[in-house]
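Here is data.txt, consisting of compact mmCIF, C-alpha atoms and all ligand atoms:
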# COMPACT_ATOMS: atom_id res chain seq x y z
CA SER B 19 -45.12 72.37 178.55
CA VAL B 20 -48.74 71.35 179.12
CA LYS B 21 -51.13 73.29 181.34
CA ILE B 22 -52.04 71.01 184.25
CA LYS B 23 -54.80 71.73 186.78
CA PRO B 24 -53.25 71.15 190.20
CA LEU B 25 -54.57 68.73 192.79
CA LEU B 26 -54.57 69.54 196.48
CA ALA B 27 -55.11 66.30 198.38
CA GLY B 28 -55.34 65.90 202.15
CA ASN B 29 -54.32 62.64 203.80
CA TRP B 30 -55.90 62.37 207.23
CA LYS B 31 -53.92 59.17 208.00
CA MET B 32 -55.25 57.41 211.14
CA ASN B 33 -57.05 60.52 212.36
CA GLY B 34 -60.75 61.27 212.35
CA LEU B 35 -63.89 60.18 214.15
CA ARG B 36 -67.50 60.85 213.29
CA THR B 37 -67.14 64.21 215.04
CA SER B 38 -64.58 65.17 212.36
CA GLN B 39 -67.44 65.60 209.91
CA ALA B 40 -67.81 69.07 211.43
CA GLU B 41 -64.34 70.06 210.16
CA PHE B 42 -65.20 68.68 206.73
CA HIS B 43 -68.41 70.76 206.69
CA LYS B 44 -66.22 73.81 207.42
CA MET B 45 -63.94 73.02 204.48
CA LYS B 46 -66.92 72.70 202.20
CA ALA B 47 -68.39 75.96 203.47
CA GLY B 48 -65.09 77.81 203.02
CA LEU B 49 -64.57 76.63 199.47
CA THR B 50 -65.32 79.66 197.31
CA ASP B 51 -65.76 79.29 193.54
CA THR B 52 -62.38 80.96 193.01
CA LEU B 53 -60.66 78.47 195.29
CA ALA B 54 -62.48 75.55 193.69
CA ASP B 55 -61.43 76.76 190.22
CA SER B 56 -57.77 76.98 191.19
CA ALA B 57 -57.30 73.26 191.95
CA ASN B 58 -59.02 69.92 192.30
CA ILE B 59 -59.53 69.26 195.97
CA MET B 60 -59.59 65.91 197.72
CA ILE B 61 -59.65 64.56 201.26
CA CYS B 62 -58.53 60.99 202.01
CA PRO B 63 -60.05 60.18 205.41
CA PRO B 64 -59.81 56.86 207.22
CA ALA B 65 -61.98 54.31 205.42
CA THR B 66 -64.56 54.42 208.21
CA LEU B 67 -65.40 58.02 207.25
CA ILE B 68 -65.50 57.69 203.45
CA PRO B 69 -69.26 57.16 203.13
CA ALA B 70 -70.10 60.03 205.49
CA LEU B 71 -67.69 62.49 203.86
CA ALA B 72 -68.73 61.44 200.37
CA ASP B 73 -72.34 62.23 201.31
CA ILE B 74 -71.37 65.64 202.64
CA ALA B 75 -69.18 66.35 199.59
CA ALA B 76 -71.90 65.44 197.09
CA GLY B 77 -72.59 68.39 194.82
CA SER B 78 -69.45 70.25 195.94
CA ALA B 79 -66.02 70.36 194.32
CA ILE B 80 -64.45 68.19 197.01
CA LEU B 81 -63.45 64.65 196.11
CA VAL B 82 -62.99 61.84 198.59
CA GLY B 83 -60.23 59.23 198.39
CA GLY B 84 -58.94 56.18 200.24
CA GLN B 85 -55.50 55.80 201.84
CA ASP B 86 -54.72 52.25 200.74
CA CYS B 87 -56.37 49.25 199.09
CA HIS B 88 -55.77 45.53 198.71
CA GLY B 89 -54.76 44.22 195.29
CA GLU B 90 -57.66 41.77 195.01
CA LYS B 91 -61.36 42.45 194.51
CA SER B 92 -62.64 40.42 197.45
CA GLY B 93 -61.83 37.31 199.43
CA ALA B 94 -60.23 35.97 202.57
CA HIS B 95 -58.13 38.98 203.62
CA THR B 96 -59.25 39.91 207.11
CA GLY B 97 -58.99 43.61 207.82
CA ASP B 98 -58.23 44.62 204.24
CA ILE B 99 -60.32 46.80 201.96
CA SER B 100 -60.52 46.44 198.19
CA ALA B 101 -60.47 49.25 195.67
CA GLU B 102 -63.99 48.20 194.65
CA MET B 103 -65.16 48.75 198.24
CA LEU B 104 -63.61 52.22 198.32
CA LYS B 105 -65.32 53.07 195.05
CA ASP B 106 -68.62 51.73 196.38
CA ALA B 107 -68.21 53.87 199.52
CA GLY B 108 -67.85 57.04 197.43
CA ALA B 109 -64.11 57.37 196.78
CA THR B 110 -62.77 58.45 193.39
CA ALA B 111 -59.08 57.84 194.14
CA VAL B 112 -56.79 55.93 196.46
CA ILE B 113 -53.29 56.58 197.76
CA VAL B 114 -50.95 53.63 197.23
CA GLY B 115 -47.39 53.16 198.41
CA HIS B 116 -47.37 55.84 201.08
CA SER B 117 -44.06 55.62 202.95
CA GLU B 118 -45.94 54.73 206.14
CA ARG B 119 -47.39 51.68 204.36
CA ARG B 120 -44.01 50.84 202.86
CA THR B 121 -42.41 51.02 206.33
CA ASP B 122 -45.15 49.76 208.68
CA HIS B 123 -46.39 46.99 206.38
CA GLY B 124 -43.29 46.18 204.38
CA GLU B 125 -44.90 47.08 201.07
CA GLY B 126 -42.37 47.04 198.24
CA ASP B 127 -42.69 48.43 194.74
CA GLY B 128 -44.24 45.21 193.43
CA VAL B 129 -47.09 45.37 195.94
CA VAL B 130 -47.60 49.06 195.24
CA ASN B 131 -47.72 48.36 191.51
CA ALA B 132 -50.41 45.71 192.03
CA LYS B 133 -52.43 48.10 194.21
CA ALA B 134 -52.27 50.82 191.55
CA GLN B 135 -53.63 48.33 189.01
CA ALA B 136 -56.36 47.36 191.48
CA ALA B 137 -57.30 51.03 191.77
CA TRP B 138 -57.66 51.31 187.97
CA ARG B 139 -59.65 48.07 187.82
CA ALA B 140 -62.16 49.64 190.22
CA GLY B 141 -62.24 52.92 188.31
CA LEU B 142 -60.22 54.85 190.88
CA VAL B 143 -57.31 57.21 190.31
CA ALA B 144 -54.10 55.79 191.82
CA ILE B 145 -52.04 58.31 193.79
CA VAL B 146 -48.66 56.58 193.80
CA CYS B 147 -46.22 57.77 196.49
CA VAL B 148 -42.44 57.74 196.20
CA GLY B 149 -39.65 59.35 198.21
CA GLU B 150 -36.19 58.83 199.62
CA THR B 151 -35.12 58.49 203.26
CA GLU B 152 -32.79 60.92 204.97
CA ALA B 153 -29.89 58.47 204.72
CA GLU B 154 -30.48 58.02 201.00
CA ARG B 155 -30.51 61.78 200.43
CA LYS B 156 -27.33 62.21 202.47
CA ALA B 157 -25.70 59.51 200.37
CA GLY B 158 -26.57 61.45 197.22
CA GLN B 159 -28.99 58.73 196.08
CA ALA B 160 -32.30 60.61 196.32
CA VAL B 161 -32.91 60.90 192.58
CA SER B 162 -31.86 57.35 191.74
CA ILE B 163 -33.98 55.87 194.56
CA VAL B 164 -37.06 57.77 193.42
CA GLN B 165 -36.46 56.83 189.78
CA GLY B 166 -36.32 53.18 190.80
CA GLN B 167 -39.56 53.52 192.79
CA LEU B 168 -41.27 55.18 189.82
CA ASN B 169 -40.06 52.52 187.39
CA ASN B 170 -41.31 49.69 189.57
CA SER B 171 -44.36 51.13 191.37
CA VAL B 172 -46.07 52.82 188.42
CA PRO B 173 -47.64 50.16 186.20
CA ASP B 174 -47.56 50.15 182.41
CA GLY B 175 -50.72 51.82 181.18
CA ALA B 176 -50.53 54.84 183.47
CA THR B 177 -52.21 57.95 182.04
CA ALA B 178 -52.67 61.51 183.25
CA GLU B 179 -56.28 60.59 184.07
CA ASN B 180 -55.74 57.37 186.04
CA THR B 181 -52.51 58.21 187.89
CA VAL B 182 -51.09 60.94 190.09
CA ILE B 183 -47.56 60.79 191.49
CA ALA B 184 -46.75 62.12 194.96
CA TYR B 185 -43.13 62.82 195.83
CA GLU B 186 -42.83 62.66 199.62
CA PRO B 187 -39.30 62.69 201.01
CA VAL B 188 -39.63 60.45 204.08
CA TRP B 189 -37.59 62.83 206.24
CA ALA B 190 -39.95 65.71 205.46
CA ILE B 191 -43.13 63.91 206.55
CA GLY B 192 -44.52 65.27 209.80
CA THR B 193 -41.18 66.83 210.73
CA GLY B 194 -41.64 70.46 209.72
CA LEU B 195 -38.62 70.04 207.45
CA THR B 196 -38.91 70.59 203.71
CA PRO B 197 -36.40 70.28 200.90
CA THR B 198 -35.25 73.53 199.32
CA ALA B 199 -37.21 74.72 196.31
CA GLN B 200 -34.14 73.85 194.26
CA ASP B 201 -34.11 70.25 195.51
CA VAL B 202 -37.83 69.89 194.81
CA GLU B 203 -37.30 71.32 191.34
CA GLU B 204 -34.48 68.89 190.62
CA MET B 205 -36.52 65.89 191.77
CA HIS B 206 -39.71 66.88 189.94
CA LYS B 207 -37.75 67.52 186.75
CA ALA B 208 -36.17 64.07 187.03
CA MET B 209 -39.61 62.49 187.61
CA ARG B 210 -41.13 64.43 184.69
CA ASP B 211 -38.34 63.31 182.36
CA ASN B 212 -38.72 59.71 183.51
CA LEU B 213 -42.50 59.67 183.03
CA ALA B 214 -42.43 61.57 179.74
CA SER B 215 -39.89 59.18 178.31
CA ARG B 216 -41.90 56.15 179.43
CA PHE B 217 -45.47 57.38 178.82
CA SER B 218 -44.88 60.23 176.30
CA ASP B 219 -47.78 62.74 176.30
CA ALA B 220 -49.44 61.05 179.28
CA GLY B 221 -46.23 61.36 181.27
CA ALA B 222 -45.90 65.00 180.32
CA ALA B 223 -49.43 65.70 181.58
CA MET B 224 -49.41 63.55 184.74
CA ARG B 225 -49.81 65.45 187.99
CA LEU B 226 -46.73 65.41 190.23
CA LEU B 227 -47.57 66.36 193.81
CA TYR B 228 -45.12 67.38 196.50
CA GLY B 229 -45.81 66.12 200.04
CA GLY B 230 -44.03 66.57 203.37
CA SER B 231 -44.71 69.36 205.89
CA VAL B 232 -46.74 71.51 203.50
CA LYS B 233 -48.34 74.35 205.48
CA PRO B 234 -50.09 77.61 204.58
CA ALA B 235 -46.78 79.42 205.25
CA ASN B 236 -44.68 77.45 202.73
CA ALA B 237 -47.33 76.41 200.20
CA ALA B 238 -46.90 79.33 197.80
CA GLU B 239 -43.16 78.78 197.47
CA LEU B 240 -43.45 75.01 197.00
CA MET B 241 -46.39 75.23 194.58
CA ALA B 242 -44.52 77.73 192.41
CA VAL B 243 -41.75 75.21 191.67
CA SER B 244 -41.84 73.99 188.09
CA ASN B 245 -43.33 70.52 187.60
CA VAL B 246 -45.06 70.71 190.99
CA ASN B 247 -48.75 70.23 190.19
CA GLY B 248 -50.19 70.22 193.67
CA ALA B 249 -49.61 68.86 197.14
CA LEU B 250 -50.35 65.86 199.32
CA VAL B 251 -50.87 67.24 202.80
CA GLY B 252 -50.98 65.38 206.11
CA GLY B 253 -51.19 67.33 209.35
CA ALA B 254 -52.34 70.59 207.77
CA SER B 255 -55.29 68.87 206.08
CA LEU B 256 -56.97 68.12 209.40
CA LYS B 257 -58.13 71.68 209.99
CA ALA B 258 -60.29 73.54 207.49
CA GLU B 259 -58.45 76.79 208.16
CA ASP B 260 -55.03 75.29 207.37
CA PHE B 261 -56.21 73.34 204.36
CA LEU B 262 -58.02 76.31 202.83
CA GLY B 263 -54.96 78.43 203.67
CA ILE B 264 -52.85 76.12 201.54
CA LEU B 265 -55.40 76.29 198.74
CA ASP B 266 -55.02 80.09 198.80
CA ALA B 267 -51.53 79.57 197.43
CA TYR B 268 -53.06 78.30 194.16
CA SER B 269 -55.40 81.18 193.41
O1 LIG O 301 -49.34 61.98 202.72
C1 LIG O 301 -49.05 63.22 203.27
C2 LIG O 301 -48.00 63.18 204.28
O2 LIG O 301 -47.19 62.06 204.33
C3 LIG O 301 -47.34 64.45 204.60
O3 LIG O 301 -47.58 64.61 205.95
O4 LIG O 301 -48.02 65.87 207.98
O5 LIG O 301 -45.88 66.19 206.71
O6 LIG O 301 -48.00 67.05 205.76
P1 LIG O 301 -47.34 66.02 206.65
Once more with this new file: its structure as structure tokens, please.
Amino acid sequence: SVKIKPLLAGNWKMNGLRTSQAEFHKMKAGLTDTLADSANIMICPPATLIPALADIAAGSAILVGGQDCHGEKSGAHTGDISAEMLKDAGATAVIVGHSERRTDHGEGDGVVNAKAQAAWRAGLVAIVCVGETEAERKAGQAVSIVQGQLNNSVPDGATAENTVIAYEPVWAIGTGLTPTAQDVEEMHKAMRDNLASRFSDAGAAMRLLYGGSVKPANAAELMAVSNVNGALVGGASLKAEDFLGILDAYS
């Protein structure tokens, strides 16, 4: 199998004011060369903070990403933000298809697919999220649900450079619950096989993140699972100490 440099990405969700720049300064200050070598590091703040964090991050190893984008470049879409705007503000990537967007805004795979293509059009990496609900897992459908989401949310033309996949079981997000290492391994293997068969070498090299209640205390175990190439972290990305504690699991 290919050697893949992991990505540790933090998703601040709808958290963060201008005062949160102080926490970001702490992350930057705590990022030793060893830690920075062990993984690519990214924070996806609310869009209002992208320019400020991108300025602070300049010259450091920290990347800044968006949490969502519209499919179109510009136009009459009040309240929406295009991938081009995120890029212009200093982002290098954007999360698309997070389960909170799928649920709160009714975004289906087709919308997510269009957003991933919008990200590429703007020169951003698309971080495409997939994951089953608790009911789907209990019904034994977790793998088939996620395979369907991958097939329909990840556009043709995905490469290891323009796309990252994040597996986030909905029931593990913000709950403190995580799947067993064995369940994560099974899912990531199924995703790897799917992507490798569809995208060949690109699919074999694409980064597959795990997300859902990742903390410093469980990061080492989850990150050691085969085909897990990093994490997408919510709550524990808000504090420099927690986020850097997770990064410790990579070095
Ligand atoms: O996108 C990351 C997220 O959904 C996981 O959230 O708070 O469980 O780490 P959390």
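From atom CA of B:Ile68 back to atom CA of B:Glu150, the distance works out to 29.6 Å.
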Query - Interatomic distance (Å, one decimal) between atom CA of B:Glu179 and atom CA of B:Gln135 - result: 13.5 Å
Could you list, as a CSV table (one decimal) with C-alpha atoms, keeping the file's coordinate frame, every residue within 7 Å of stretch 166-177 of chain B, counting all atoms listed in the file and ignoring same-chain residues fewer than 2 positions away?
chain,number,residue,atom,x,y,z
B,127,ASP,CA,-42.7,48.4,194.7
B,128,GLY,CA,-44.2,45.2,193.4
B,130,VAL,CA,-47.6,49.1,195.2
B,131,ASN,CA,-47.7,48.4,191.5
B,135,GLN,CA,-53.6,48.3,189.0
B,148,VAL,CA,-42.4,57.7,196.2
B,162,SER,CA,-31.9,57.4,191.7
B,163,ILE,CA,-34.0,55.9,194.6
B,164,VAL,CA,-37.1,57.8,193.4
B,179,GLU,CA,-56.3,60.6,184.1
B,180,ASN,CA,-55.7,57.4,186.0
B,181,THR,CA,-52.5,58.2,187.9
B,220,ALA,CA,-49.4,61.0,179.3
B,221,GLY,CA,-46.2,61.4,181.3
B,224,MET,CA,-49.4,63.6,184.7
Excluding B:Thr52 and its own-chain neighbours fewer than 3 positions away, which residues fall within 8 Å of it when counting only C-alpha atoms? Please give them as an mmCIF file with C-alpha atoms, in the coordinates of the input.
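Once everything was written out, this is selection-v5.cif:
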data_model
loop_
_atom_site.group_PDB
_atom_site.id
_atom_site.type_symbol
_atom_site.label_atom_id
_atom_site.label_comp_id
_atom_site.auth_asym_id
_atom_site.auth_seq_id
_atom_site.Cartn_x
_atom_site.Cartn_y
_atom_site.Cartn_z
ATOM 1 C CA ASP B 55 -61.430 76.760 190.220
ATOM 2 C CA SER B 56 -57.770 76.980 191.190
ATOM 3 C CA SER B 269 -55.400 81.180 193.410
#
Report task. Step by step, measure atom-to-atom distances between ligand LIG 301 (chain O) and each residue using all atoms listed in the file, keep those at most 6 Å, then write them as a PyMOL selection string. Result -> chain B and resi 29+191-192+229-232+250-254
Report task. Kindly extract all protein, DNA and RNA residues lying within 8 Å of the coordinates (-55.7, 46.6, 198.3) given in the file, considering all atoms listed in the file, and supply them as JSON, numbers by chain. Result -> {"B": [86, 87, 88, 89, 90, 91, 98, 99, 100, 101, 133, 136]}
**Report entry** Straight-line distance linking atom CA of B:Leu262 with atom CA of B:Gln39, stated in Å to one decimal
**Finding:**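 Between atom CA of B:Leu262 and atom CA of B:Gln39 the gap works out to 15.9 Å.
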Query - Nearest-residue call for B:Trp189, choices B:Cys147, B:Ile61, B:Ala153, B:Ala107, using only C-alpha atoms - result: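 Checking each of B:Cys147, B:Ile61, B:Ala153, B:Ala107 against B:Trp189, counting only C-alpha atoms, the winner is B:Ala153.
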